[in-house]
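Undergrad: mmCIF, C-alpha atoms, file model21.cif:
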```
data_upload
#
loop_
_atom_site.group_PDB
_atom_site.id
_atom_site.type_symbol
_atom_site.label_atom_id
_atom_site.label_comp_id
_atom_site.auth_asym_id
_atom_site.auth_seq_id
_atom_site.Cartn_x
_atom_site.Cartn_y
_atom_site.Cartn_z
ATOM 1 C CA MET A 20 35.979 21.055 22.001
ATOM 2 C CA ILE A 21 38.196 20.348 19.006
ATOM 3 C CA GLU A 22 41.726 21.601 19.710
ATOM 4 C CA ALA A 23 45.271 20.502 18.991
ATOM 5 C CA HIS A 24 46.471 17.415 20.815
ATOM 6 C CA ASP A 25 49.428 18.210 23.090
ATOM 7 C CA SER A 26 51.122 14.796 23.057
ATOM 8 C CA LEU A 27 54.255 14.695 20.898
ATOM 9 C CA ILE A 28 53.707 10.993 20.130
ATOM 10 C CA VAL A 29 50.194 11.566 18.844
ATOM 11 C CA ARG A 30 51.277 14.558 16.748
ATOM 12 C CA SER A 31 54.234 12.714 15.197
ATOM 13 C CA ALA A 32 52.164 9.615 14.479
ATOM 14 C CA GLY A 33 49.424 11.810 13.027
ATOM 15 C CA LYS A 34 51.842 13.578 10.694
ATOM 16 C CA LEU A 35 52.921 10.187 9.401
ATOM 17 C CA LEU A 36 49.461 8.631 9.226
ATOM 18 C CA ILE A 37 47.418 11.473 7.697
ATOM 19 C CA PRO A 38 49.111 11.560 4.247
ATOM 20 C CA LEU A 39 49.297 7.779 4.276
ATOM 21 C CA SER A 40 45.563 7.422 4.877
ATOM 22 C CA GLN A 41 44.809 10.013 2.201
ATOM 23 C CA LEU A 42 46.900 8.077 -0.277
ATOM 24 C CA PHE A 43 45.160 4.865 0.789
ATOM 25 C CA ALA A 44 41.775 6.542 0.320
ATOM 26 C CA LEU A 45 42.636 7.443 -3.284
ATOM 27 C CA TYR A 46 43.878 3.881 -3.847
ATOM 28 C CA VAL A 47 40.634 2.415 -2.471
ATOM 29 C CA LEU A 48 38.591 4.837 -4.564
ATOM 30 C CA PHE A 49 40.270 4.075 -7.892
ATOM 31 C CA PHE A 50 40.918 0.402 -7.161
ATOM 32 C CA GLY A 51 37.192 -0.135 -6.524
ATOM 33 C CA GLN A 52 36.756 -1.349 -10.087
ATOM 34 C CA TYR A 53 39.297 -4.118 -9.673
ATOM 35 C CA GLY A 54 38.824 -5.215 -6.061
ATOM 36 C CA PRO A 55 36.999 -4.431 -2.857
ATOM 37 C CA GLY A 56 36.504 -0.747 -2.164
ATOM 38 C CA GLY A 57 34.966 1.986 -4.253
ATOM 39 C CA GLY A 58 33.292 5.313 -3.727
ATOM 40 C CA PHE A 59 31.698 4.679 -0.336
ATOM 41 C CA ALA A 60 34.723 3.239 1.450
ATOM 42 C CA GLY A 61 37.159 5.596 -0.281
ATOM 43 C CA GLY A 62 35.062 8.637 0.589
ATOM 44 C CA VAL A 63 34.796 7.661 4.234
ATOM 45 C CA ILE A 64 38.565 7.061 4.504
ATOM 46 C CA LEU A 65 39.258 10.403 2.812
ATOM 47 C CA GLY A 66 36.884 12.216 5.158
ATOM 48 C CA THR A 67 38.307 10.427 8.194
ATOM 49 C CA SER A 68 41.874 11.370 7.250
ATOM 50 C CA PHE A 69 40.921 15.081 7.248
ATOM 51 C CA LEU A 70 39.100 14.435 10.506
ATOM 52 C CA LEU A 71 42.259 12.927 11.985
ATOM 53 C CA ALA A 72 44.172 16.030 10.922
ATOM 54 C CA VAL A 73 41.608 18.280 12.607
ATOM 55 C CA LEU A 74 41.587 16.230 15.823
ATOM 56 C CA VAL A 75 45.383 15.867 16.068
ATOM 57 C CA LEU A 76 46.742 19.170 14.757
ATOM 58 C CA GLY A 77 43.856 21.415 15.762
ATOM 59 C CA PRO A 78 41.374 23.273 13.550
ATOM 60 C CA GLN A 79 43.627 26.346 13.086
ATOM 61 C CA ALA A 80 46.705 24.476 11.792
ATOM 62 C CA PRO A 81 47.517 25.086 8.094
ATOM 63 C CA PRO A 82 46.591 21.594 6.839
ATOM 64 C CA CYS A 83 43.162 21.919 8.430
ATOM 65 C CA ARG A 84 42.243 25.128 6.650
ATOM 66 C CA LEU A 85 41.790 22.906 3.615
ATOM 67 C CA ALA A 86 39.297 20.833 5.622
ATOM 68 C CA HIS A 87 37.375 24.010 6.493
ATOM 69 C CA GLN A 88 37.425 25.026 2.821
ATOM 70 C CA LEU A 89 36.162 21.583 1.836
ATOM 71 C CA GLU A 90 33.162 22.085 4.084
ATOM 72 C CA HIS A 91 31.807 24.649 1.620
ATOM 73 C CA GLY A 92 31.845 21.981 -1.086
ATOM 74 C CA ASP A 93 28.733 20.262 0.256
ATOM 75 C CA GLY A 94 26.728 19.028 -2.692
ATOM 76 C CA VAL A 95 29.589 19.052 -5.206
ATOM 77 C CA GLY A 96 29.707 15.237 -5.148
ATOM 78 C CA LEU A 97 26.007 14.962 -5.829
ATOM 79 C CA MET A 98 26.380 17.489 -8.651
ATOM 80 C CA ILE A 99 29.172 15.382 -10.210
ATOM 81 C CA PHE A 100 26.935 12.298 -10.058
ATOM 82 C CA VAL A 101 23.880 14.068 -11.509
ATOM 83 C CA GLY A 102 26.127 15.849 -14.018
ATOM 84 C CA VAL A 103 27.386 12.561 -15.416
ATOM 85 C CA GLY A 104 23.746 11.486 -15.750
ATOM 86 C CA GLY A 105 22.972 14.758 -17.515
ATOM 87 C CA LEU A 106 25.877 14.267 -19.946
ATOM 88 C CA CYS A 107 24.346 10.898 -20.828
ATOM 89 C CA LEU A 108 21.054 12.674 -21.553
ATOM 90 C CA ILE A 109 22.884 15.217 -23.745
ATOM 91 C CA GLY A 110 24.588 12.327 -25.538
ATOM 92 C CA GLY A 111 21.202 11.086 -26.666
ATOM 93 C CA GLY A 112 20.510 8.269 -24.238
ATOM 94 C CA THR A 113 18.655 7.793 -21.000
ATOM 95 C CA PHE A 114 19.685 9.250 -17.618
ATOM 96 C CA LEU A 115 22.814 7.516 -16.186
ATOM 97 C CA ASP A 116 23.256 5.254 -19.227
ATOM 98 C CA TYR A 117 27.008 5.753 -19.459
ATOM 99 C CA SER A 118 27.354 4.258 -22.937
ATOM 100 C CA ASN A 119 25.976 7.545 -24.249
ATOM 101 C CA LEU A 120 28.865 9.642 -22.923
ATOM 102 C CA GLN A 121 30.104 11.185 -26.152
ATOM 103 C CA ILE A 122 33.835 10.474 -26.302
ATOM 104 C CA PRO A 123 35.105 9.979 -29.859
ATOM 105 C CA GLY A 124 37.040 6.801 -30.485
ATOM 106 C CA TRP A 125 35.795 4.955 -27.406
ATOM 107 C CA ASN A 126 33.457 1.991 -27.543
ATOM 108 C CA ASP A 127 30.525 1.370 -25.214
ATOM 109 C CA GLU A 128 32.408 -0.703 -22.653
ATOM 110 C CA GLU A 129 35.121 1.914 -22.149
ATOM 111 C CA ARG A 130 32.513 4.654 -21.833
ATOM 112 C CA ARG A 131 30.638 2.685 -19.188
ATOM 113 C CA SER A 132 33.911 2.076 -17.339
ATOM 114 C CA LEU A 133 34.637 5.811 -17.413
ATOM 115 C CA GLY A 134 31.116 6.535 -16.163
ATOM 116 C CA ILE A 135 31.662 4.213 -13.213
ATOM 117 C CA VAL A 136 34.929 5.989 -12.308
ATOM 118 C CA LEU A 137 33.347 9.458 -12.543
ATOM 119 C CA THR A 138 30.290 8.576 -10.458
ATOM 120 C CA GLN A 139 32.523 6.935 -7.855
ATOM 121 C CA ILE A 140 34.490 10.176 -7.561
ATOM 122 C CA GLY A 141 31.152 11.954 -7.052
ATOM 123 C CA VAL A 142 30.061 9.539 -4.305
ATOM 124 C CA ALA A 143 33.454 9.776 -2.572
ATOM 125 C CA ALA A 144 33.424 13.601 -2.635
ATOM 126 C CA ASP A 145 29.884 13.697 -1.282
ATOM 127 C CA ILE A 146 30.616 11.315 1.600
ATOM 128 C CA ALA A 147 33.962 12.885 2.576
ATOM 129 C CA VAL A 148 32.461 16.378 2.702
ATOM 130 C CA THR A 149 29.389 15.173 4.605
ATOM 131 C CA ALA A 150 31.514 13.399 7.235
ATOM 132 C CA LEU A 151 33.570 16.567 7.762
ATOM 133 C CA SER A 152 30.461 18.746 7.842
ATOM 134 C CA ILE A 153 28.712 16.628 10.499
ATOM 135 C CA VAL A 154 31.820 16.589 12.711
ATOM 136 C CA PHE A 155 32.295 20.359 12.433
ATOM 137 C CA SER A 156 28.591 20.817 13.267
ATOM 138 C CA LEU A 157 28.992 18.675 16.392
ATOM 139 C CA GLY A 158 32.186 20.433 17.461
ATOM 140 C CA GLN A 159 31.223 24.048 16.781
ATOM 141 C CA HIS A 160 28.134 24.198 18.954
ATOM 142 C CA HIS A 161 29.896 22.687 21.964
ATOM 143 C CA SER A 162 32.729 25.216 21.934
ATOM 144 C CA GLN A 163 30.155 28.043 21.879
ATOM 145 C CA GLU A 164 28.274 26.518 24.790
ATOM 146 C CA ALA A 165 31.459 25.967 26.787
ATOM 147 C CA SER A 166 32.449 29.617 26.378
ATOM 148 C CA HIS A 167 29.091 30.717 27.788
ATOM 149 C CA GLU A 168 29.380 28.597 30.914
ATOM 150 C CA MET B 2 41.333 -24.858 12.052
ATOM 151 C CA MET B 3 38.704 -22.706 10.361
ATOM 152 C CA ASP B 4 35.984 -24.152 12.604
ATOM 153 C CA TRP B 5 37.837 -23.072 15.731
ATOM 154 C CA PHE B 6 38.212 -19.608 14.271
ATOM 155 C CA GLU B 7 34.505 -19.400 13.526
ATOM 156 C CA ILE B 8 33.519 -20.654 16.972
ATOM 157 C CA ALA B 9 35.794 -18.093 18.632
ATOM 158 C CA LEU B 10 34.310 -15.396 16.373
ATOM 159 C CA VAL B 11 30.730 -16.298 17.328
ATOM 160 C CA ILE B 12 31.615 -16.355 21.044
ATOM 161 C CA LEU B 13 33.254 -12.932 20.755
ATOM 162 C CA LEU B 14 30.259 -11.558 18.808
ATOM 163 C CA ILE B 15 27.786 -12.742 21.455
ATOM 164 C CA THR B 16 30.030 -11.461 24.270
ATOM 165 C CA THR B 17 30.341 -7.998 22.741
ATOM 166 C CA ALA B 18 26.609 -7.857 21.895
ATOM 167 C CA VAL B 19 25.681 -8.705 25.506
ATOM 168 C CA GLY B 20 28.337 -6.261 26.731
ATOM 169 C CA VAL B 21 26.820 -3.365 24.745
ATOM 170 C CA ILE B 22 23.459 -4.007 26.395
ATOM 171 C CA ARG B 23 24.711 -4.652 29.943
ATOM 172 C CA VAL B 24 27.387 -1.981 30.350
ATOM 173 C CA LYS B 25 26.715 1.004 32.641
ATOM 174 C CA THR B 26 28.140 4.008 30.762
ATOM 175 C CA LEU B 27 27.351 5.018 27.203
ATOM 176 C CA ILE B 28 31.008 5.653 26.271
ATOM 177 C CA SER B 29 31.901 2.049 27.110
ATOM 178 C CA ALA B 30 28.882 0.912 25.109
ATOM 179 C CA VAL B 31 30.091 2.896 22.064
ATOM 180 C CA LEU B 32 33.586 1.432 22.264
ATOM 181 C CA ILE B 33 32.274 -2.125 22.644
ATOM 182 C CA LEU B 34 29.950 -1.468 19.688
ATOM 183 C CA ALA B 35 33.022 -0.538 17.619
ATOM 184 C CA CYS B 36 34.579 -3.908 18.554
ATOM 185 C CA TYR B 37 31.304 -5.598 17.556
ATOM 186 C CA SER B 38 31.343 -3.837 14.164
ATOM 187 C CA PHE B 39 34.914 -4.903 13.542
ATOM 188 C CA LEU B 40 34.069 -8.530 14.403
ATOM 189 C CA MET B 41 31.097 -8.295 12.016
ATOM 190 C CA ALA B 42 33.513 -7.095 9.336
ATOM 191 C CA VAL B 43 35.593 -10.236 9.924
ATOM 192 C CA VAL B 44 32.400 -12.311 9.624
ATOM 193 C CA TRP B 45 31.506 -10.677 6.281
ATOM 194 C CA ALA B 46 35.035 -11.295 5.013
ATOM 195 C CA GLN B 47 34.743 -14.946 6.100
ATOM 196 C CA LEU B 48 31.485 -15.256 4.145
ATOM 197 C CA GLY B 49 33.182 -13.849 1.028
ATOM 198 C CA ALA B 50 31.448 -10.445 1.019
ATOM 199 C CA VAL B 51 34.669 -8.421 0.995
ATOM 200 C CA ASP B 52 33.070 -5.161 -0.129
ATOM 201 C CA VAL B 53 30.534 -5.292 2.691
ATOM 202 C CA ALA B 54 33.338 -6.122 5.145
ATOM 203 C CA PHE B 55 35.322 -3.114 3.938
ATOM 204 C CA VAL B 56 32.423 -0.703 4.393
ATOM 205 C CA GLU B 57 31.496 -2.226 7.770
ATOM 206 C CA ALA B 58 35.058 -1.816 9.047
ATOM 207 C CA VAL B 59 35.382 1.748 7.753
ATOM 208 C CA VAL B 60 31.920 3.087 8.574
ATOM 209 C CA GLY B 61 30.746 0.898 11.448
ATOM 210 C CA ALA B 62 33.979 0.632 13.411
ATOM 211 C CA GLY B 63 35.522 3.918 12.304
ATOM 212 C CA LEU B 64 33.359 6.872 11.404
ATOM 213 C CA SER B 65 30.197 6.085 13.384
ATOM 214 C CA THR B 66 32.278 5.540 16.534
ATOM 215 C CA VAL B 67 33.798 9.001 16.122
ATOM 216 C CA LEU B 68 30.350 10.529 15.591
ATOM 217 C CA PHE B 69 28.922 8.722 18.646
ATOM 218 C CA LEU B 70 31.840 9.845 20.809
ATOM 219 C CA LEU B 71 31.581 13.474 19.663
ATOM 220 C CA THR B 72 27.865 13.388 20.468
ATOM 221 C CA LEU B 73 28.559 11.973 23.931
ATOM 222 C CA PHE B 74 31.205 14.613 24.636
ATOM 223 C CA ARG B 75 28.532 17.236 23.990
ATOM 224 C CA ALA B 76 26.196 15.649 26.539
ATOM 225 C CA ARG B 77 26.499 16.321 30.266
ATOM 226 C CA ALA B 78 28.277 13.709 32.360
ATOM 227 C CA LYS B 79 25.177 12.500 34.168
ATOM 228 C CA ASP B 80 23.351 11.911 30.882
ATOM 229 C CA THR B 81 25.932 9.354 29.758
ATOM 230 C CA GLN B 82 25.266 7.113 32.788
ATOM 231 C CA LEU B 83 22.553 4.504 32.416
ATOM 232 C CA ARG B 84 20.165 3.437 35.150
ATOM 233 C CA ARG B 85 18.791 0.129 33.936
ATOM 234 C CA THR B 86 15.606 -1.315 35.340
ATOM 235 C CA PRO B 87 15.619 -5.118 35.732
ATOM 236 C CA THR B 88 14.260 -6.928 32.688
ATOM 237 C CA PRO B 89 10.677 -8.225 33.066
ATOM 238 C CA LEU B 90 10.315 -11.999 33.016
ATOM 239 C CA VAL B 91 7.836 -11.836 30.124
ATOM 240 C CA ALA B 92 10.448 -10.163 27.890
ATOM 241 C CA LEU B 93 13.204 -12.492 29.083
ATOM 242 C CA LEU B 94 11.202 -15.568 28.067
ATOM 243 C CA GLY B 95 9.014 -14.163 25.294
ATOM 244 C CA LEU B 96 11.616 -12.461 23.084
ATOM 245 C CA PRO B 97 13.864 -15.544 22.597
ATOM 246 C CA LEU B 98 10.710 -17.528 21.825
ATOM 247 C CA LEU B 99 9.641 -14.903 19.257
ATOM 248 C CA GLY B 100 13.110 -14.989 17.705
ATOM 249 C CA PHE B 101 12.970 -18.766 17.458
ATOM 250 C CA VAL B 102 9.537 -18.653 15.813
ATOM 251 C CA LEU B 103 10.744 -16.060 13.271
ATOM 252 C CA LEU B 104 13.848 -18.105 12.448
ATOM 253 C CA TYR B 105 11.656 -21.202 12.069
ATOM 254 C CA ALA B 106 9.297 -19.358 9.759
ATOM 255 C CA ILE B 107 12.005 -17.832 7.546
ATOM 256 C CA ALA B 108 13.984 -21.058 7.030
ATOM 257 C CA PRO B 109 11.878 -22.488 4.152
ATOM 258 C CA LEU B 110 11.782 -19.103 2.394
ATOM 259 C CA TYR B 111 15.514 -19.040 1.737
ATOM 260 C CA PRO B 112 16.741 -22.642 1.457
ATOM 261 C CA ASP B 113 20.525 -22.519 1.508
ATOM 262 C CA GLY B 114 22.597 -24.194 -1.174
ATOM 263 C CA GLN B 115 19.747 -24.796 -3.609
ATOM 264 C CA PRO B 116 20.474 -23.692 -7.164
ATOM 265 C CA LEU B 117 16.851 -22.764 -7.924
ATOM 266 C CA ARG B 118 16.191 -20.433 -5.021
ATOM 267 C CA PRO B 119 14.991 -16.934 -6.008
ATOM 268 C CA ALA B 120 18.243 -15.196 -5.080
ATOM 269 C CA SER B 121 20.223 -17.338 -7.536
ATOM 270 C CA THR B 122 17.847 -17.395 -10.474
ATOM 271 C CA HIS B 123 16.773 -13.804 -11.083
ATOM 272 C CA VAL B 124 19.415 -11.424 -12.463
ATOM 273 C CA ALA B 125 22.473 -12.623 -10.520
ATOM 274 C CA ASP B 126 23.605 -14.943 -13.321
ATOM 275 C CA ALA B 127 23.355 -12.230 -15.952
ATOM 276 C CA TYR B 128 25.406 -9.846 -13.804
ATOM 277 C CA LEU B 129 28.096 -12.448 -13.132
ATOM 278 C CA GLN B 130 28.393 -13.520 -16.755
ATOM 279 C CA GLU B 131 28.040 -10.239 -18.637
ATOM 280 C CA SER B 132 29.139 -7.404 -16.371
ATOM 281 C CA TYR B 133 32.812 -7.640 -17.317
ATOM 282 C CA LYS B 134 32.092 -7.729 -21.037
ATOM 283 C CA ALA B 135 29.600 -4.875 -20.817
ATOM 284 C CA THR B 136 31.433 -2.515 -18.469
ATOM 285 C CA LYS B 137 35.114 -3.593 -18.391
ATOM 286 C CA THR B 138 34.895 -3.667 -14.587
ATOM 287 C CA PRO B 139 36.274 -6.832 -12.965
ATOM 288 C CA ASN B 140 34.596 -6.139 -9.597
ATOM 289 C CA VAL B 141 30.975 -7.189 -10.114
ATOM 290 C CA VAL B 142 29.823 -5.381 -6.964
ATOM 291 C CA THR B 143 31.081 -2.045 -8.291
ATOM 292 C CA ALA B 144 29.567 -2.681 -11.715
ATOM 293 C CA VAL B 145 26.148 -3.451 -10.184
ATOM 294 C CA LEU B 146 26.271 -0.530 -7.746
ATOM 295 C CA MET B 147 27.490 2.128 -10.139
ATOM 296 C CA ASP B 148 26.108 1.029 -13.497
ATOM 297 C CA TYR B 149 23.146 -1.363 -13.320
ATOM 298 C CA ARG B 150 21.773 0.164 -10.112
ATOM 299 C CA ALA B 151 23.054 3.698 -10.640
ATOM 300 C CA PHE B 152 19.707 5.282 -9.735
ATOM 301 C CA ASP B 153 19.784 3.487 -6.386
ATOM 302 C CA THR B 154 23.271 4.786 -5.659
ATOM 303 C CA LEU B 155 22.309 8.287 -6.793
ATOM 304 C CA ILE B 156 19.419 8.397 -4.321
ATOM 305 C CA GLU B 157 21.688 6.993 -1.569
ATOM 306 C CA THR B 158 24.169 9.786 -2.249
ATOM 307 C CA GLY B 159 21.283 12.220 -2.042
ATOM 308 C CA VAL B 160 20.262 10.747 1.326
ATOM 309 C CA ILE B 161 23.798 11.226 2.689
ATOM 310 C CA PHE B 162 23.874 14.804 1.369
ATOM 311 C CA THR B 163 20.513 15.459 3.055
ATOM 312 C CA ALA B 164 21.807 14.004 6.323
ATOM 313 C CA GLY B 165 24.789 16.368 6.260
ATOM 314 C CA ILE B 166 22.597 19.388 5.521
ATOM 315 C CA ALA B 167 20.102 18.388 8.244
ATOM 316 C CA CYS B 168 22.883 18.023 10.835
ATOM 317 C CA ALA B 169 24.303 21.419 9.908
ATOM 318 C CA LEU B 170 20.867 23.075 10.142
ATOM 319 C CA LEU B 171 19.902 21.446 13.450
ATOM 320 C CA LEU B 172 23.216 21.754 15.279
ATOM 321 C CA ARG B 173 24.415 25.139 14.080
ATOM 322 C CA SER B 174 21.188 27.114 14.396
ATOM 323 C CA HIS B 175 21.693 27.703 18.156
ATOM 324 C CA SER B 176 25.194 29.087 17.874
ATOM 325 C CA GLU B 177 24.155 32.282 16.095
#
```
Give the structure from this file in structure tokens form.
TA:
Amino acid sequence: MIEAHDSLIVRSAGKLLIPLSQLFALYVLFFGQYGPGGGFAGGVILGTSFLLAVLVLGPQAPPCRLAHQLEHGDGVGLMIFVGVGGLCLIGGGTFLDYSNLQIPGWNDEERRSLGIVLTQIGVAADIAVTALSIVFSLGQHHSQEASHE
Amino acid sequence: MMDWFEIALVILLITTAVGVIRVKTLISAVLILACYSFLMAVVWAQLGAVDVAFVEAVVGAGLSTVLFLLTLFRARAKDTQLRRTPTPLVALLGLPLLGFVLLYAIAPLYPDGQPLRPASTHVADAYLQESYKATKTPNVVTAVLMDYRAFDTLIETGVIFTAGIACALLLRSHSE
């Protein structure tokens, strides 16, 4: 089902919009501490930008091989999140208490701020990969079925 | 000025909500639902919940529409048509009445604009006053989500991970 779009307008607009939306996703992700946004919205925008690349340029185009590689990273986001919690345990505190991240020279507030950034990256990675994975699951089966008919 | 905007917004919301229910094909219903989600995002932004508006616009109007459409493209053409039976009179009269009774019952539980209601007295004040000093994060929503309620967010992330794995297992098992 998923194949390259043959309209020149769509392809040109896609080539312009895909890097722009990826940049915007990173902005939303890291600006989440200072304004609206954060891990959830940033992750969805990041996943959707790869999705746009797959839908416009086709799954075999070079930029989309990265999307297929990313699919194998399912669970990495969750591991980042749990890993930050584990580092807090190693630092001598309770699970997910970021003030126990052992970084010399930093006070509690800066450590908690860093913990928020790291866990947001974890959430964003998890959601982006999951969105891609669900779409590839939906697309793959259909193409198999169509070839049988 | 703002009143006119709000009235137009409510009219559009009700129109799109009725349209989703009344329309004949599922693809039209999905597209109207995306419009509804986007209008809801505008409503959240109007109410000052910008983070919720952001997520509603991105997830509700964006990603879930794509997922719905991909699902519909997998279905056969005759399965995306709806044959609606006429609504029974009992439901037509009874459900609005039930909604009215529920609204009437819930009104005293959450009195609006009172400083001593439960939503304003529990931990909200502490978050608003201390979250910046404690976490150096100006956005209180992010500080609550990622620091004070980090366990909640961790489990939510786990739920999303599980959803992705479940979709992969269910949808890809037939293609072997």
Undergrad: I'd like a table as a Markdown table: residues in chain A with an atom no more than 6 Å from chain B, each row giving the shortest atom pair and its distance in Å to one decimal, only C-alpha atoms counted, sorted by chain and rising residue number.
TA:
```
| residue | atom | partner | partner_atom | distance |
| --- | --- | --- | --- | --- |
| A:Gln52 | CA | B:Asn140 | CA | 5.3 |
| A:Tyr53 | CA | B:Asn140 | CA | 5.1 |
| A:Gly54 | CA | B:Asn140 | CA | 5.6 |
| A:Pro55 | CA | B:Asp52 | CA | 4.8 |
| A:Gly56 | CA | B:Asp52 | CA | 6.0 |
| A:Ala60 | CA | B:Val56 | CA | 5.4 |
| A:Glu128 | CA | B:Thr136 | CA | 4.7 |
| A:Arg131 | CA | B:Thr136 | CA | 5.3 |
| A:Ser132 | CA | B:Thr136 | CA | 5.3 |
| A:Ile135 | CA | B:Met147 | CA | 5.6 |
| A:Thr149 | CA | B:Gly165 | CA | 5.0 |
| A:Ile153 | CA | B:Gly165 | CA | 5.8 |
| A:Ser156 | CA | B:Ala169 | CA | 5.5 |
| A:His160 | CA | B:Ser176 | CA | 5.8 |
| A:His161 | CA | B:Arg75 | CA | 6.0 |
```
Undergrad: Which distance in Å separates atom CA of A:Gly141 and atom CA of A:Leu97, to one decimal?
TA: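 Separating atom CA of A:Gly141 from atom CA of A:Leu97 is a distance of 6.1 Å.
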Undergrad: List the spatial neighbours of stretch 28-37 of chain A as a VMD selection string - criterion: any atom at most 8 Å away, only C-alpha atoms, same-chain residues fewer than 3 positions off excluded.
TA: chain A and resid 24 to 25 40 to 41 68 to 69 71 to 72 75 to 76
Undergrad: For the PyMOL selection byres ((chain A and resi 103) around 10), applied here, can you spell out every residue it catches as a VMD selection string?
TA: chain A and resid 97 to 102 104 to 109 114 to 117 120 134 to 135 137 to 138 141
Undergrad: Just say which residues the PyMOL selection byres ((chain B and resi 30) around 12) picks in this file, as a PyMOL selection string.
TA: chain B and resi 17-29+31-37+66+69-70+73+81-83
Undergrad: Deliver the residues from the most recent selection as a file, using C-alpha atoms, as a JSON list (two decimals), in the coordinates of the input.
TA:
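Final output, saved to part_10.json:
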```json
[["chain", "number", "residue", "atom", "x", "y", "z"],
["B", 17, "THR", "CA", 30.34, -8.00, 22.74],
["B", 18, "ALA", "CA", 26.61, -7.86, 21.90],
["B", 19, "VAL", "CA", 25.68, -8.70, 25.51],
["B", 20, "GLY", "CA", 28.34, -6.26, 26.73],
["B", 21, "VAL", "CA", 26.82, -3.36, 24.74],
["B", 22, "ILE", "CA", 23.46, -4.01, 26.40],
["B", 23, "ARG", "CA", 24.71, -4.65, 29.94],
["B", 24, "VAL", "CA", 27.39, -1.98, 30.35],
["B", 25, "LYS", "CA", 26.72, 1.00, 32.64],
["B", 26, "THR", "CA", 28.14, 4.01, 30.76],
["B", 27, "LEU", "CA", 27.35, 5.02, 27.20],
["B", 28, "ILE", "CA", 31.01, 5.65, 26.27],
["B", 29, "SER", "CA", 31.90, 2.05, 27.11],
["B", 31, "VAL", "CA", 30.09, 2.90, 22.06],
["B", 32, "LEU", "CA", 33.59, 1.43, 22.26],
["B", 33, "ILE", "CA", 32.27, -2.12, 22.64],
["B", 34, "LEU", "CA", 29.95, -1.47, 19.69],
["B", 35, "ALA", "CA", 33.02, -0.54, 17.62],
["B", 36, "CYS", "CA", 34.58, -3.91, 18.55],
["B", 37, "TYR", "CA", 31.30, -5.60, 17.56],
["B", 66, "THR", "CA", 32.28, 5.54, 16.53],
["B", 69, "PHE", "CA", 28.92, 8.72, 18.65],
["B", 70, "LEU", "CA", 31.84, 9.85, 20.81],
["B", 73, "LEU", "CA", 28.56, 11.97, 23.93],
["B", 81, "THR", "CA", 25.93, 9.35, 29.76],
["B", 82, "GLN", "CA", 25.27, 7.11, 32.79],
["B", 83, "LEU", "CA", 22.55, 4.50, 32.42]]
```
Undergrad: Would you mind reading off the distance between atom CA of A:Ile140 and atom CA of A:Phe49, one decimal, in Å?
TA: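 Interatomic distance here is 8.4 Å.
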Undergrad: To one decimal place, how far is atom CA of B:Val44 from atom CA of A:Thr67 in Å?
TA: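 A separation of 23.5 Å between them.
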